[in-house]
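Notes to accompany the following structure.
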Amino acid sequence: MLRASSYVIYVDLPGDAEQMLLVHGYSGAYDRVARHVGAYLRSMEVGPRPAPLYGEWASEPGPGPQGALPPPSEDTLLRLRKRGYLTEKTVEEEEEFLARVAGQHHGYMQQRRLTYIVMPTYDCNLRCSYCFQDYMRTNPAFGNLLRAMPQAMIDRMLTAWVKLEERHRVPPGAPRNVTFFGGEPLLAGLRPTIESILRKAGDLGPATFGAVTNGTDLHAYRDLLHPQGLSWLQITLDGPPGEHDKRRIYEDGRGSYEAIAENMTMALDRGVRVAVRLNVDRNNIDQLPELAEEMVSRGWDRYGNFSVYTAPIHANNGKTEMKTTMSSWQLDKAITKLRETFPAMRLIARPDDGMLARAQRLFENHADPLSTFKSSFCGAHNGMYVFDAFGDVYACWERTGNPAIRIASITEAGDIKWEENTDKLWKSRTVASNPTCRKCRYALYCGGGCAVLAMDFRGEFFTNFCDGFASRFRDAVAQAHNGSLSGVGAGAQERESVCGT
Ligand code: SF4
Ligand code: SF4
């Protein structure tokens with residue numbers, strides 16, 4: 001029986017009463033059609049319509065009266081079939097097909113270049129009010145976690161990298177991608193450790209290095225900050241100086257803004273790419289215009305290597321009240337509104353500017369849509385390895401510091417001892433293994449949401465965390481189609497994950 005595919009995404013085009021867009025969830029097709037064609041197709045959906053899931057699906061365009069609308073011309077019908085919008089597959093057959101596409105894509109992604117996250121310590125010199133790792137520094141029972149990675153562990157880790165690359169069949173000589181994370185990875189006292197990793201990894205083969213850092217001790221790394229050394233930094237600010245200094249404080253309560261700002265200017269002068277991350281909730285959103293002005297007054301907007309992006313603070317750290325938080329979609333809308341009044345806000349990318357840039361690739365360059373699919377949400381499921389100072393290896397940088405949840409450990413000989421159950425758990429979370437996501441028309445564009453947030457908010461690993469994805473995706477596709485990329489903030493990149501404090 002001919003029916004509308006369960007994976008058609010219907011996108012309204014703002015200001016266009018005549019036409020709309022169809023995007024197909026697994027063929028990657030997109031087409032502009034007359035609204036009556038979209039309504040006809042919607043009326044050809046069979047089976048239970050997807051129920052609203054966690055997040056914001058409320059604005060999903062409503063279905064037409066089932067099967068009651070007149071069909072379009074034969075030519076149009078033929079084209080709708082060819083493009084996958086009309087199908088003879090049953091609902092179950094289509095779901096199986098999507099799962100196969102996701103499985104193949106996931107397999108392909110496992111063989112791509114790996115990402116190494118190196119945590120040289122869990123220690124940090126700040127005591128941010130919302131830090132998810134704070135207990136490690138404030139509870140003496142975790143004091144043993146705060147030591148630095150020993151030199152011998154650096155050698156073992158590098159040996160393990162080569163073995164991991166063999167396992168993933170990474171082509172020999174492929175450049176490595178190394179990110180330092182912590183704790184605070186660029187504490188002044190860690191300089192010998194970082195310098196040693198840069199040198200030894202550089203001897204092993206080509207590599208790029210960057211760090212997610214609080215930026216307070218960067219002056220100790222001045223000579224290592226350059227495009228061939230530590231070439232990029234992600235630094236967090238929590239608002240203009242007054243607000244930041246209430247949240248990102250040293251142990252003695254002093255604020256950290258000025259130290260970070262001076263270091264940031266130094267790093268920009270040295271040609272390092274600096275991406276400022278703004279953690280935003282309802283308490284500091286109104287202060288973003290003041291921060292944008294402050295950035296302009298410091299002259300950061302004149303550097304081509306400077307960008308700013310926003311991320312919502314989630315209430316999964318045991319310290320943030322749910323009522324103060326915003327979803328990515330709410331944050332996106334709030335920033336769009338602020339831009340109407342405050343021109344300097346153009347400097348600050350919205351959470352979905354990255355998605356907008358990705359959607360635009362489809363229309364502008366006729367890129368292969370399959371290259372934009374995501375069978376899983378983030379690297380934790382396909383080729384990201386997080387190494388700590390003790391030789392424990394984790395999948396996700398927000399789930400570390402506890403050997404009970406590691407996916408592997410490095411032996412003294414540099415061999416990798418896998419924790420097969422945990423490794424399999426992380427590697428197998430795809431949209432196909434997630435019973436809700438495999439039915440979702442957005443599955444291969446979304447990837448299934450963050451596993452940590454799914455666990456923290458819904459108590460299950462193999463479940464969805466939508467974060468308003470449906471609304472956000474349709475909005476991005478409509479904007480990209482209408483060519484409104486002029487609204488994309490300076491920090492727009494394909495950055496859709498939520499991690500990295
Ligand atoms: S926090 Fe979520 S998005 Fe980030 S690495 Fe972990 S699972 Fe992935
Ligand atoms: S694929 Fe994404 S939008 Fe769809 S159900 Fe899963 S988490 Fe939600």
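Here's how to read the names in the structure tokens: chain A, B, ... by the order shown, residue numbers from 1 in each chain, ligand numbers from 1 in the order shown.
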request  = Could you pull out the residues sitting within 8 Å of ligand 2, using only C-alpha atoms and all ligand atoms, and write them as a list in words?
outcome  =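 Using only C-alpha atoms and all ligand atoms, everything at most 8 Å from ligand 2 comes to Leu53, Tyr54, Gly55, Val431, Asn434, Thr436, Cys437, Arg438, Lys439, Cys440, Arg441, Tyr442, Ala443, Leu444, Tyr445, Cys446, Gly447, Gly448, Gly449, Cys450, Thr463, Asn464, Phe465, Cys466, Asp467, Gly468, Phe469 and Ala470 of chain A.
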Exercise: Pro206 of chain A partners within 10 Å, only C-alpha atoms, chain neighbours under 6 positions left out, as a PyMOL selection string = chain A and resi 173-177
Residues of the last selection are to be written out with N, CA and C atoms, as a short mmCIF file (atom, residue, chain, number, x, y, z; two decimals), in the first residue's frame.
```cif
data_model
loop_
_atom_site.label_atom_id
_atom_site.label_comp_id
_atom_site.auth_asym_id
_atom_site.auth_seq_id
_atom_site.Cartn_x
_atom_site.Cartn_y
_atom_site.Cartn_z
N GLY A 173 49.91 7.66 9.60
CA GLY A 173 50.28 9.04 9.26
C GLY A 173 49.14 10.03 9.36
N ALA A 174 47.93 9.55 9.61
CA ALA A 174 46.79 10.48 9.73
C ALA A 174 47.03 11.41 10.92
N PRO A 175 46.76 12.70 10.74
CA PRO A 175 47.03 13.61 11.85
C PRO A 175 46.18 13.31 13.08
N ARG A 176 46.77 13.46 14.23
CA ARG A 176 46.02 13.22 15.48
C ARG A 176 45.40 14.53 15.96
N ASN A 177 44.33 14.33 16.70
CA ASN A 177 43.56 15.47 17.17
C ASN A 177 43.52 15.37 18.70
#
```
Contacts to ligand 1 at 10 Å cut-off (only C-alpha atoms and all ligand atoms) as a ChimeraX atom specification = /A:376-381,384-386,394-400,426,429,449-455,461,465,496-501
request  = as a VMD selection string, list the residues of segment 202-353 of chain A assigned to helix (DSSP H, G or I) by DSSP on the backbone atoms of this structure.
outcome  = chain A and resid 202 to 204 218 to 224 241 to 247 257 to 269 285 to 297 300 to 302 322 to 324 328 to 341 343 to 347 353
request  = Find the residues near segment 136-151 of chain A: any atom within 6 Å, counting only C-alpha atoms, skip ones fewer than 5 places away on the same chain, and give them as a PyMOL selection string.
outcome  = chain A and resi 120-123+389
Now that the selection is made, can you save its residues with C-alpha atoms as a PDB file, in the first residue's frame?
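And here's again_11.pdb as it stands now:
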```
ATOM      1  CA  PRO A 120      46.454  15.661  32.857  1.00  0.00           C
ATOM      2  CA  THR A 121      44.766  16.242  36.241  1.00  0.00           C
ATOM      3  CA  TYR A 122      41.364  16.497  37.896  1.00  0.00           C
ATOM      4  CA  ASP A 123      42.627  19.451  39.937  1.00  0.00           C
ATOM      5  CA  ALA A 389      46.323  10.760  34.796  1.00  0.00           C
TER       6      ALA A 389
END
```
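Checking A:Asn382, A:Ser5, A:Asn421, A:Asn214 one by one against Arg112 of chain A, counting only C-alpha atoms, you find the shortest gap at A:Asn382.
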request  = Return as a PyMOL selection string the full set of residues in segment 85-220 of chain A whose backbone-based DSSP assignment is strand (DSSP E or B).
outcome  = chain A and resi 86-87+115-118+126+176-180+207-213
message = For a test of reading the model, state the distance in Å between atom CA of Ala432 of chain A and atom CA of Leu98 of chain A, rounded to one decimal.
response = 7.4 Å
ask   = Counting only C-alpha atoms, what is within 10 Å of Phe306 of chain A, bar same-chain residues fewer than 3 positions away, as a list in words?
value =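 With the cut-off at 10 Å, the set is Trp232, Leu233, Met264, Thr265, Ala267, Leu268, Gly271, Val272, Arg273, Val274, Ala275, Val276, Trp300, Asp301, Arg302, Tyr303, Leu347, Ala490 and Gly491 of chain A.
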Near-segment 102-110 of chain A list (6 Å; only C-alpha atoms; drop same-chain fewer than 3 positions) as a CSV table (one decimal) with N, CA and C atoms, in the first residue's frame:
```csv
chain,number,residue,atom,x,y,z
A,99,ALA,N,17.3,1.7,10.6
A,99,ALA,CA,18.3,1.1,11.5
A,99,ALA,C,19.5,0.6,10.8
A,375,SER,N,24.6,9.2,13.1
A,375,SER,CA,24.0,8.0,13.6
A,375,SER,C,24.0,7.9,15.1
A,382,ASN,N,31.7,7.0,19.2
A,382,ASN,CA,32.4,6.5,18.0
A,382,ASN,C,33.8,7.1,17.8
A,383,GLY,N,34.7,6.9,18.7
A,383,GLY,CA,36.1,7.3,18.3
A,383,GLY,C,36.7,8.4,19.2
```
task = To one decimal in Å, tell me the separation between atom CA of Leu204 of chain A and atom CA of Leu186 of chain A.
result =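 For atom CA of Leu204 of chain A relative to atom CA of Leu186 of chain A, the distance reads 22.1 Å.
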query = Any idea what's packed within 8 Å of segment 310-312 of chain A, counting only C-alpha atoms, ignoring anything in its chain fewer than 3 positions away? Could you give it as a ChimeraX atom specification?
reply = /A:277-281,325-328,331,348-351,498
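Between Gly15 of chain A and the candidates A:Met266, A:Asn482, A:Glu94, A:Gln228, the tightest atom-to-atom separation, counting only C-alpha atoms, involves A:Asn482.
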Val23 of chain A surroundings by only C-alpha atoms, 6 Å radius, close-in-sequence under 2 positions cut, as a count of residues only = 4
key: Straight-line distance linking atom CA of Ser433 of chain A with atom CA of Phe462 of chain A, stated in Å to one decimal   =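 A separation of 7.0 Å between them.
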ask   = Which is closer to Ala334 of chain A than all the others in A:Glu420, A:Glu74, A:Asp392, A:Asp352, using only C-alpha atoms?
value =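 Of A:Glu420, A:Glu74, A:Asp392, A:Asp352, the one nearest Ala334 of chain A, counting only C-alpha atoms, is A:Asp352.
Using only C-alpha atoms, the shortest contact distance between Pro185 of chain A and any of A:Ile405, A:Met44, A:Leu230, A:Val296 is found at A:Leu230.
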task = Would you please work out which residue, of A:Pro227, A:Leu69, A:Ser297, A:Leu288, is nearest to Arg270 of chain A when using only C-alpha atoms?
result =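 Looking at the shortest contact to Arg270 of chain A, the residue is A:Pro227.
Restricting the calculation to only C-alpha atoms, the smallest distance between Tyr40 of chain A and any of A:Gln19, A:Gly215, A:Ser231, A:Pro72 is found for A:Pro72.
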